[in-house]
Amino acid sequence: VQLQASGGGEVQSGGSLRLSCAASGIDESINAMAWYRRPPGKDRELVAAMTRAGATNYAEAVKGRFTISRDNTRNILYLQMNIVKPEDAAVYYCRAYSETGQPFGSWGPGTLVTVSS
């Protein structure tokens, strides 16, 4: 199982960035997929999640600025980050879950987002 997050980089405060996560090696149905982030010196936190049916859940800090979406046929998860703030700087990770809520695989290396002012 591999969950490869990509698309990170440096973005100016107020700018936009789109992250992608490709899930591979999963031979059963994926239900929820989610983005997490670990800001420097802090714990990992949930950013946004989406079920296969399209239900979404966002952290309060990103509501109205970030949009999660997914391509169910290709098992790719996206995170559109708009109006990026300095506090959005973090390593972003993705995760996929089975129908019973079990996570597939382990945490990957994530993708680093840095925010410049």
# chains A, B, ... in the order shown; residues from 1 in each chain; ligands from 1
>>> residues_around(residues="Thr73 in chain A", least_positions_apart="6", cutoff="12 Å", atoms="only C-alpha atoms", output="PyMOL selection string")
chain A and resi 22-24+29-30+52
>>> select_by_dssp(residues="range 32-78 of chain A", states="strand (DSSP E)", output="list in words")
Ala32, Met33, Ala34, Trp35, Tyr36, Arg37, Arg38, Glu45, Leu46, Val47, Ala48, Ala49, Met50, Thr56, Asn57, Tyr58, Phe66, Thr67, Ile68, Ser69, Arg70, Asp71, Ile76, Leu77 and Tyr78 of chain A
>>> write_last_selection(atoms="N, CA and C atoms", output="PDB file, in the first residue's frame")
ATOM      1  N   ALA A  32     -13.375   6.424   3.183  1.00  0.00           N
ATOM      2  CA  ALA A  32     -12.928   7.794   3.425  1.00  0.00           C
ATOM      3  C   ALA A  32     -11.457   7.981   3.041  1.00  0.00           C
ATOM      4  N   MET A  33     -11.158   9.188   2.606  1.00  0.00           N
ATOM      5  CA  MET A  33      -9.780   9.623   2.408  1.00  0.00           C
ATOM      6  C   MET A  33      -9.640  10.965   3.108  1.00  0.00           C
ATOM      7  N   ALA A  34      -8.465  11.228   3.595  1.00  0.00           N
ATOM      8  CA  ALA A  34      -8.320  12.431   4.412  1.00  0.00           C
ATOM      9  C   ALA A  34      -6.934  13.038   4.258  1.00  0.00           C
ATOM     10  N   TRP A  35      -6.891  14.330   4.505  1.00  0.00           N
ATOM     11  CA  TRP A  35      -5.635  15.069   4.598  1.00  0.00           C
ATOM     12  C   TRP A  35      -5.383  15.427   6.056  1.00  0.00           C
ATOM     13  N   TYR A  36      -4.150  15.259   6.455  1.00  0.00           N
ATOM     14  CA  TYR A  36      -3.686  15.675   7.768  1.00  0.00           C
ATOM     15  C   TYR A  36      -2.476  16.585   7.554  1.00  0.00           C
ATOM     16  N   ARG A  37      -2.120  17.293   8.614  1.00  0.00           N
ATOM     17  CA  ARG A  37      -0.897  18.086   8.535  1.00  0.00           C
ATOM     18  C   ARG A  37      -0.227  18.126   9.904  1.00  0.00           C
ATOM     19  N   ARG A  38       1.077  18.287   9.854  1.00  0.00           N
ATOM     20  CA  ARG A  38       1.845  18.449  11.084  1.00  0.00           C
ATOM     21  C   ARG A  38       2.636  19.730  10.966  1.00  0.00           C
ATOM     22  N   GLU A  45      -2.630  16.917  12.751  1.00  0.00           N
ATOM     23  CA  GLU A  45      -4.047  17.265  12.914  1.00  0.00           C
ATOM     24  C   GLU A  45      -4.797  16.992  11.619  1.00  0.00           C
ATOM     25  N   LEU A  46      -6.060  16.712  11.755  1.00  0.00           N
ATOM     26  CA  LEU A  46      -6.909  16.505  10.593  1.00  0.00           C
ATOM     27  C   LEU A  46      -7.179  17.833   9.904  1.00  0.00           C
ATOM     28  N   VAL A  47      -7.053  17.839   8.588  1.00  0.00           N
ATOM     29  CA  VAL A  47      -7.340  19.036   7.814  1.00  0.00           C
ATOM     30  C   VAL A  47      -8.710  18.907   7.141  1.00  0.00           C
ATOM     31  N   ALA A  48      -8.897  17.807   6.442  1.00  0.00           N
ATOM     32  CA  ALA A  48     -10.158  17.597   5.737  1.00  0.00           C
ATOM     33  C   ALA A  48     -10.295  16.125   5.398  1.00  0.00           C
ATOM     34  N   ALA A  49     -11.527  15.678   5.302  1.00  0.00           N
ATOM     35  CA  ALA A  49     -11.806  14.287   4.964  1.00  0.00           C
ATOM     36  C   ALA A  49     -12.992  14.231   4.020  1.00  0.00           C
ATOM     37  N   MET A  50     -13.035  13.147   3.270  1.00  0.00           N
ATOM     38  CA  MET A  50     -14.120  12.995   2.303  1.00  0.00           C
ATOM     39  C   MET A  50     -14.440  11.519   2.152  1.00  0.00           C
ATOM     40  N   THR A  56     -18.112  15.610   3.221  1.00  0.00           N
ATOM     41  CA  THR A  56     -16.830  16.224   3.586  1.00  0.00           C
ATOM     42  C   THR A  56     -16.853  16.728   5.021  1.00  0.00           C
ATOM     43  N   ASN A  57     -15.659  16.875   5.552  1.00  0.00           N
ATOM     44  CA  ASN A  57     -15.479  17.396   6.894  1.00  0.00           C
ATOM     45  C   ASN A  57     -14.188  18.204   6.886  1.00  0.00           C
ATOM     46  N   TYR A  58     -14.244  19.427   7.419  1.00  0.00           N
ATOM     47  CA  TYR A  58     -13.072  20.305   7.419  1.00  0.00           C
ATOM     48  C   TYR A  58     -12.742  20.764   8.832  1.00  0.00           C
ATOM     49  N   PHE A  66      -9.929  25.914   2.024  1.00  0.00           N
ATOM     50  CA  PHE A  66      -9.446  24.662   1.436  1.00  0.00           C
ATOM     51  C   PHE A  66     -10.641  23.858   0.917  1.00  0.00           C
ATOM     52  N   THR A  67     -10.403  23.128  -0.161  1.00  0.00           N
ATOM     53  CA  THR A  67     -11.419  22.251  -0.710  1.00  0.00           C
ATOM     54  C   THR A  67     -10.818  20.882  -0.979  1.00  0.00           C
ATOM     55  N   ILE A  68     -11.451  19.865  -0.424  1.00  0.00           N
ATOM     56  CA  ILE A  68     -11.014  18.496  -0.660  1.00  0.00           C
ATOM     57  C   ILE A  68     -11.848  17.900  -1.783  1.00  0.00           C
ATOM     58  N   SER A  69     -11.213  17.118  -2.617  1.00  0.00           N
ATOM     59  CA  SER A  69     -11.943  16.434  -3.682  1.00  0.00           C
ATOM     60  C   SER A  69     -11.200  15.138  -3.996  1.00  0.00           C
ATOM     61  N   ARG A  70     -11.846  14.276  -4.745  1.00  0.00           N
ATOM     62  CA  ARG A  70     -11.199  13.009  -5.060  1.00  0.00           C
ATOM     63  C   ARG A  70     -11.693  12.432  -6.363  1.00  0.00           C
ATOM     64  N   ASP A  71     -10.848  11.644  -6.966  1.00  0.00           N
ATOM     65  CA  ASP A  71     -11.189  10.885  -8.164  1.00  0.00           C
ATOM     66  C   ASP A  71     -11.290   9.434  -7.720  1.00  0.00           C
ATOM     67  N   ILE A  76      -7.364   8.987  -6.314  1.00  0.00           N
ATOM     68  CA  ILE A  76      -6.527  10.162  -6.117  1.00  0.00           C
ATOM     69  C   ILE A  76      -7.310  11.183  -5.296  1.00  0.00           C
ATOM     70  N   LEU A  77      -6.640  11.717  -4.319  1.00  0.00           N
ATOM     71  CA  LEU A  77      -7.222  12.716  -3.425  1.00  0.00           C
ATOM     72  C   LEU A  77      -6.542  14.043  -3.680  1.00  0.00           C
ATOM     73  N   TYR A  78      -7.321  15.108  -3.625  1.00  0.00           N
ATOM     74  CA  TYR A  78      -6.782  16.445  -3.853  1.00  0.00           C
ATOM     75  C   TYR A  78      -7.106  17.356  -2.672  1.00  0.00           C
TER      76      TYR A  78
END
>>> atom_distance(atom1="CA of Phe104 in chain A", atom2="CA of Arg74 in chain A")
16.0 Å
>>> residues_around(residues="Gly105 in chain A", least_positions_apart="3", cutoff="8 Å", atoms="only C-alpha atoms", output="PyMOL selection string")
chain A and resi 1-3
>>> closest_residue(among="A:Leu79, A:Val84, A:Ala53, A:Val113", to="Glu99 in chain A", atoms="only C-alpha atoms")
A:Ala53
>>> closest_residue(among="A:Pro86, A:Trp107, A:Thr114, A:Tyr92", to="Ser13 in chain A", atoms="only C-alpha atoms")
A:Pro86
>>> closest_residue(among="A:Ala90, A:Lys85, A:Asn75, A:Glu28", to="Ser117 in chain A", atoms="only C-alpha atoms")
A:Lys85
>>> residues_around(residues="range 4-11 of chain A", least_positions_apart="3", cutoff="7 Å", atoms="only C-alpha atoms", output="ChimeraX atom specification")
/A:15-23,93-94,108,110-116
>>> write_last_selection(atoms="all heavy atoms", output="tab-separated table (two decimals), in the first residue's frame")
chain	number	residue	atom	x	y	z
A	15	GLY	N	-1.73	33.11	-1.30
A	15	GLY	CA	-1.70	32.38	-2.56
A	15	GLY	C	-2.43	31.06	-2.49
A	15	GLY	O	-3.14	30.76	-1.53
A	16	SER	N	-2.26	30.27	-3.56
A	16	SER	CA	-2.94	28.99	-3.68
A	16	SER	C	-1.97	27.88	-4.01
A	16	SER	O	-0.90	28.12	-4.60
A	16	SER	CB	-4.00	29.07	-4.79
A	16	SER	OG	-5.00	30.02	-4.48
A	17	LEU	N	-2.37	26.68	-3.66
A	17	LEU	CA	-1.56	25.50	-3.93
A	17	LEU	C	-2.51	24.31	-3.99
A	17	LEU	O	-3.53	24.30	-3.29
A	17	LEU	CB	-0.54	25.30	-2.81
A	17	LEU	CG	0.69	24.43	-3.06
A	17	LEU	CD1	1.57	25.08	-4.13
A	17	LEU	CD2	1.48	24.28	-1.77
A	18	ARG	N	-2.21	23.34	-4.84
A	18	ARG	CA	-3.02	22.13	-4.89
A	18	ARG	C	-2.17	20.92	-4.61
A	18	ARG	O	-1.16	20.68	-5.28
A	18	ARG	CB	-3.73	21.97	-6.24
A	18	ARG	CG	-4.76	20.85	-6.20
A	18	ARG	CD	-5.61	20.75	-7.45
A	18	ARG	NE	-5.01	19.90	-8.45
A	18	ARG	CZ	-5.71	19.16	-9.31
A	18	ARG	NH1	-7.03	19.18	-9.28
A	18	ARG	NH2	-5.08	18.44	-10.21
A	19	LEU	N	-2.58	20.17	-3.62
A	19	LEU	CA	-1.91	18.93	-3.26
A	19	LEU	C	-2.65	17.75	-3.88
A	19	LEU	O	-3.87	17.79	-4.05
A	19	LEU	CB	-1.86	18.76	-1.74
A	19	LEU	CG	-1.27	19.91	-0.93
A	19	LEU	CD1	-1.23	19.53	0.54
A	19	LEU	CD2	0.10	20.30	-1.43
A	20	SER	N	-1.89	16.70	-4.17
A	20	SER	CA	-2.47	15.47	-4.69
A	20	SER	C	-1.96	14.30	-3.87
A	20	SER	O	-0.87	14.36	-3.30
A	20	SER	CB	-2.06	15.25	-6.15
A	20	SER	OG	-2.51	16.31	-6.97
A	21	CYS	N	-2.75	13.25	-3.84
A	21	CYS	CA	-2.34	12.03	-3.17
A	21	CYS	C	-2.84	10.85	-3.96
A	21	CYS	O	-4.05	10.71	-4.17
A	21	CYS	CB	-2.91	11.99	-1.75
A	21	CYS	SG	-2.65	10.41	-0.92
A	22	ALA	N	-1.93	10.03	-4.40
A	22	ALA	CA	-2.30	8.84	-5.17
A	22	ALA	C	-2.18	7.62	-4.28
A	22	ALA	O	-1.12	7.37	-3.69
A	22	ALA	CB	-1.38	8.72	-6.38
A	23	ALA	N	-3.27	6.89	-4.19
A	23	ALA	CA	-3.29	5.65	-3.40
A	23	ALA	C	-3.12	4.47	-4.33
A	23	ALA	O	-3.81	4.37	-5.35
A	23	ALA	CB	-4.60	5.55	-2.63
A	93	TYR	N	-0.06	15.16	4.94
A	93	TYR	CA	-0.13	13.72	4.72
A	93	TYR	C	-1.53	13.35	4.26
A	93	TYR	O	-2.51	14.02	4.58
A	93	TYR	CB	0.13	12.97	6.03
A	93	TYR	CG	1.41	13.31	6.72
A	93	TYR	CD1	1.49	14.39	7.61
A	93	TYR	CD2	2.56	12.53	6.53
A	93	TYR	CE1	2.68	14.70	8.26
A	93	TYR	CE2	3.74	12.83	7.19
A	93	TYR	CZ	3.79	13.91	8.05
A	93	TYR	OH	4.96	14.21	8.70
A	94	CYS	N	-1.62	12.24	3.56
A	94	CYS	CA	-2.93	11.73	3.22
A	94	CYS	C	-3.09	10.33	3.79
A	94	CYS	O	-2.12	9.64	4.09
A	94	CYS	CB	-3.15	11.73	1.70
A	94	CYS	SG	-1.95	10.75	0.79
A	108	GLY	N	2.91	8.03	5.12
A	108	GLY	CA	4.00	8.24	4.18
A	108	GLY	C	4.83	9.45	4.58
A	108	GLY	O	4.64	10.00	5.66
A	110	GLY	N	4.74	12.38	3.37
A	110	GLY	CA	4.01	13.65	3.26
A	110	GLY	C	4.66	14.58	2.25
A	110	GLY	O	5.64	14.26	1.59
A	111	THR	N	4.08	15.76	2.15
A	111	THR	CA	4.61	16.79	1.26
A	111	THR	C	4.65	18.10	2.04
A	111	THR	O	3.69	18.46	2.73
A	111	THR	CB	3.76	16.89	-0.02
A	111	THR	OG1	4.40	17.76	-0.95
A	111	THR	CG2	2.34	17.34	0.25
A	112	LEU	N	5.76	18.79	1.94
A	112	LEU	CA	5.99	19.98	2.75
A	112	LEU	C	5.44	21.22	2.08
A	112	LEU	O	5.71	21.49	0.91
A	112	LEU	CB	7.49	20.15	2.99
A	112	LEU	CG	7.93	21.39	3.76
A	112	LEU	CD1	7.39	21.35	5.19
A	112	LEU	CD2	9.45	21.51	3.76
A	113	VAL	N	4.68	21.98	2.85
A	113	VAL	CA	4.18	23.27	2.40
A	113	VAL	C	4.81	24.35	3.26
A	113	VAL	O	4.70	24.30	4.49
A	113	VAL	CB	2.64	23.34	2.49
A	113	VAL	CG1	2.15	24.75	2.16
A	113	VAL	CG2	2.00	22.32	1.57
A	114	THR	N	5.47	25.28	2.63
A	114	THR	CA	6.02	26.43	3.35
A	114	THR	C	5.33	27.68	2.84
A	114	THR	O	4.94	27.76	1.66
A	114	THR	CB	7.54	26.54	3.17
A	114	THR	OG1	7.85	26.64	1.77
A	114	THR	CG2	8.25	25.33	3.74
A	115	VAL	N	5.16	28.63	3.71
A	115	VAL	CA	4.43	29.86	3.37
A	115	VAL	C	5.35	31.05	3.59
A	115	VAL	O	5.89	31.22	4.69
A	115	VAL	CB	3.16	30.00	4.21
A	115	VAL	CG1	2.39	31.25	3.79
A	115	VAL	CG2	2.28	28.76	4.06
A	116	SER	N	5.51	31.83	2.56
A	116	SER	CA	6.35	33.03	2.66
A	116	SER	C	5.46	34.26	2.73
A	116	SER	O	4.37	34.30	2.15
A	116	SER	CB	7.29	33.12	1.47
A	116	SER	OG	6.56	33.17	0.27
>>> atom_distance(atom1="CA of Ser106 in chain A", atom2="CA of Val62 in chain A")
24.6 Å
>>> closest_residue(among="A:Arg65, A:Val91, A:Met81, A:Ala55", to="Asn31 in chain A", atoms="only C-alpha atoms")
A:Ala55
>>> atom_distance(atom1="CA of Pro103 in chain A", atom2="CA of Gln80 in chain A")
22.7 Å
>>> closest_residue(among="A:Thr51, A:Asp27, A:Ile83, A:Lys63", to="Gln12 in chain A", atoms="only C-alpha atoms")
A:Ile83
>>> decode(residues="range 44-61 of chain A", atoms="N, CA, C and O atoms", output="PDB file, in the first residue's frame")
ATOM      1  N   ARG A  44       0.227  16.159  14.716  1.00  0.00           N
ATOM      2  CA  ARG A  44      -0.511  16.013  13.462  1.00  0.00           C
ATOM      3  C   ARG A  44      -1.993  16.262  13.702  1.00  0.00           C
ATOM      4  O   ARG A  44      -2.543  15.849  14.733  1.00  0.00           O
ATOM      5  N   GLU A  45      -2.630  16.917  12.751  1.00  0.00           N
ATOM      6  CA  GLU A  45      -4.047  17.265  12.914  1.00  0.00           C
ATOM      7  C   GLU A  45      -4.797  16.992  11.619  1.00  0.00           C
ATOM      8  O   GLU A  45      -4.218  17.054  10.530  1.00  0.00           O
ATOM      9  N   LEU A  46      -6.060  16.712  11.755  1.00  0.00           N
ATOM     10  CA  LEU A  46      -6.909  16.505  10.593  1.00  0.00           C
ATOM     11  C   LEU A  46      -7.179  17.833   9.904  1.00  0.00           C
ATOM     12  O   LEU A  46      -7.506  18.820  10.563  1.00  0.00           O
ATOM     13  N   VAL A  47      -7.053  17.839   8.588  1.00  0.00           N
ATOM     14  CA  VAL A  47      -7.340  19.036   7.814  1.00  0.00           C
ATOM     15  C   VAL A  47      -8.710  18.907   7.141  1.00  0.00           C
ATOM     16  O   VAL A  47      -9.560  19.779   7.264  1.00  0.00           O
ATOM     17  N   ALA A  48      -8.897  17.807   6.442  1.00  0.00           N
ATOM     18  CA  ALA A  48     -10.158  17.597   5.737  1.00  0.00           C
ATOM     19  C   ALA A  48     -10.295  16.125   5.398  1.00  0.00           C
ATOM     20  O   ALA A  48      -9.302  15.427   5.220  1.00  0.00           O
ATOM     21  N   ALA A  49     -11.527  15.678   5.302  1.00  0.00           N
ATOM     22  CA  ALA A  49     -11.806  14.287   4.964  1.00  0.00           C
ATOM     23  C   ALA A  49     -12.992  14.231   4.020  1.00  0.00           C
ATOM     24  O   ALA A  49     -13.833  15.137   4.000  1.00  0.00           O
ATOM     25  N   MET A  50     -13.035  13.147   3.270  1.00  0.00           N
ATOM     26  CA  MET A  50     -14.120  12.995   2.303  1.00  0.00           C
ATOM     27  C   MET A  50     -14.440  11.519   2.152  1.00  0.00           C
ATOM     28  O   MET A  50     -13.540  10.695   1.977  1.00  0.00           O
ATOM     29  N   THR A  51     -15.720  11.181   2.203  1.00  0.00           N
ATOM     30  CA  THR A  51     -16.123   9.804   1.972  1.00  0.00           C
ATOM     31  C   THR A  51     -16.249   9.561   0.469  1.00  0.00           C
ATOM     32  O   THR A  51     -16.283  10.493  -0.338  1.00  0.00           O
ATOM     33  N   ARG A  52     -16.358   8.285   0.123  1.00  0.00           N
ATOM     34  CA  ARG A  52     -16.526   7.956  -1.294  1.00  0.00           C
ATOM     35  C   ARG A  52     -17.811   8.570  -1.841  1.00  0.00           C
ATOM     36  O   ARG A  52     -17.877   8.948  -3.003  1.00  0.00           O
ATOM     37  N   ALA A  53     -18.803   8.693  -0.991  1.00  0.00           N
ATOM     38  CA  ALA A  53     -20.087   9.254  -1.419  1.00  0.00           C
ATOM     39  C   ALA A  53     -20.055  10.767  -1.563  1.00  0.00           C
ATOM     40  O   ALA A  53     -20.986  11.364  -2.088  1.00  0.00           O
ATOM     41  N   GLY A  54     -18.980  11.391  -1.060  1.00  0.00           N
ATOM     42  CA  GLY A  54     -18.840  12.830  -1.252  1.00  0.00           C
ATOM     43  C   GLY A  54     -19.064  13.677  -0.020  1.00  0.00           C
ATOM     44  O   GLY A  54     -18.957  14.906  -0.091  1.00  0.00           O
ATOM     45  N   ALA A  55     -19.358  13.065   1.107  1.00  0.00           N
ATOM     46  CA  ALA A  55     -19.505  13.849   2.334  1.00  0.00           C
ATOM     47  C   ALA A  55     -18.136  14.361   2.767  1.00  0.00           C
ATOM     48  O   ALA A  55     -17.145  13.643   2.688  1.00  0.00           O
ATOM     49  N   THR A  56     -18.112  15.610   3.221  1.00  0.00           N
ATOM     50  CA  THR A  56     -16.830  16.224   3.586  1.00  0.00           C
ATOM     51  C   THR A  56     -16.853  16.728   5.021  1.00  0.00           C
ATOM     52  O   THR A  56     -17.906  17.013   5.595  1.00  0.00           O
ATOM     53  N   ASN A  57     -15.659  16.875   5.552  1.00  0.00           N
ATOM     54  CA  ASN A  57     -15.479  17.396   6.894  1.00  0.00           C
ATOM     55  C   ASN A  57     -14.188  18.204   6.886  1.00  0.00           C
ATOM     56  O   ASN A  57     -13.177  17.744   6.363  1.00  0.00           O
ATOM     57  N   TYR A  58     -14.244  19.427   7.419  1.00  0.00           N
ATOM     58  CA  TYR A  58     -13.072  20.305   7.419  1.00  0.00           C
ATOM     59  C   TYR A  58     -12.742  20.764   8.832  1.00  0.00           C
ATOM     60  O   TYR A  58     -13.629  20.995   9.656  1.00  0.00           O
ATOM     61  N   ALA A  59     -11.482  20.955   9.083  1.00  0.00           N
ATOM     62  CA  ALA A  59     -11.064  21.618  10.306  1.00  0.00           C
ATOM     63  C   ALA A  59     -11.527  23.068  10.240  1.00  0.00           C
ATOM     64  O   ALA A  59     -11.544  23.681   9.167  1.00  0.00           O
ATOM     65  N   GLU A  60     -11.894  23.612  11.383  1.00  0.00           N
ATOM     66  CA  GLU A  60     -12.384  24.992  11.412  1.00  0.00           C
ATOM     67  C   GLU A  60     -11.375  25.966  10.810  1.00  0.00           C
ATOM     68  O   GLU A  60     -11.747  26.931  10.148  1.00  0.00           O
ATOM     69  N   ALA A  61     -10.105  25.688  11.019  1.00  0.00           N
ATOM     70  CA  ALA A  61      -9.066  26.623  10.584  1.00  0.00           C
ATOM     71  C   ALA A  61      -8.967  26.752   9.067  1.00  0.00           C
ATOM     72  O   ALA A  61      -8.396  27.728   8.565  1.00  0.00           O
TER      73      ALA A  61
END
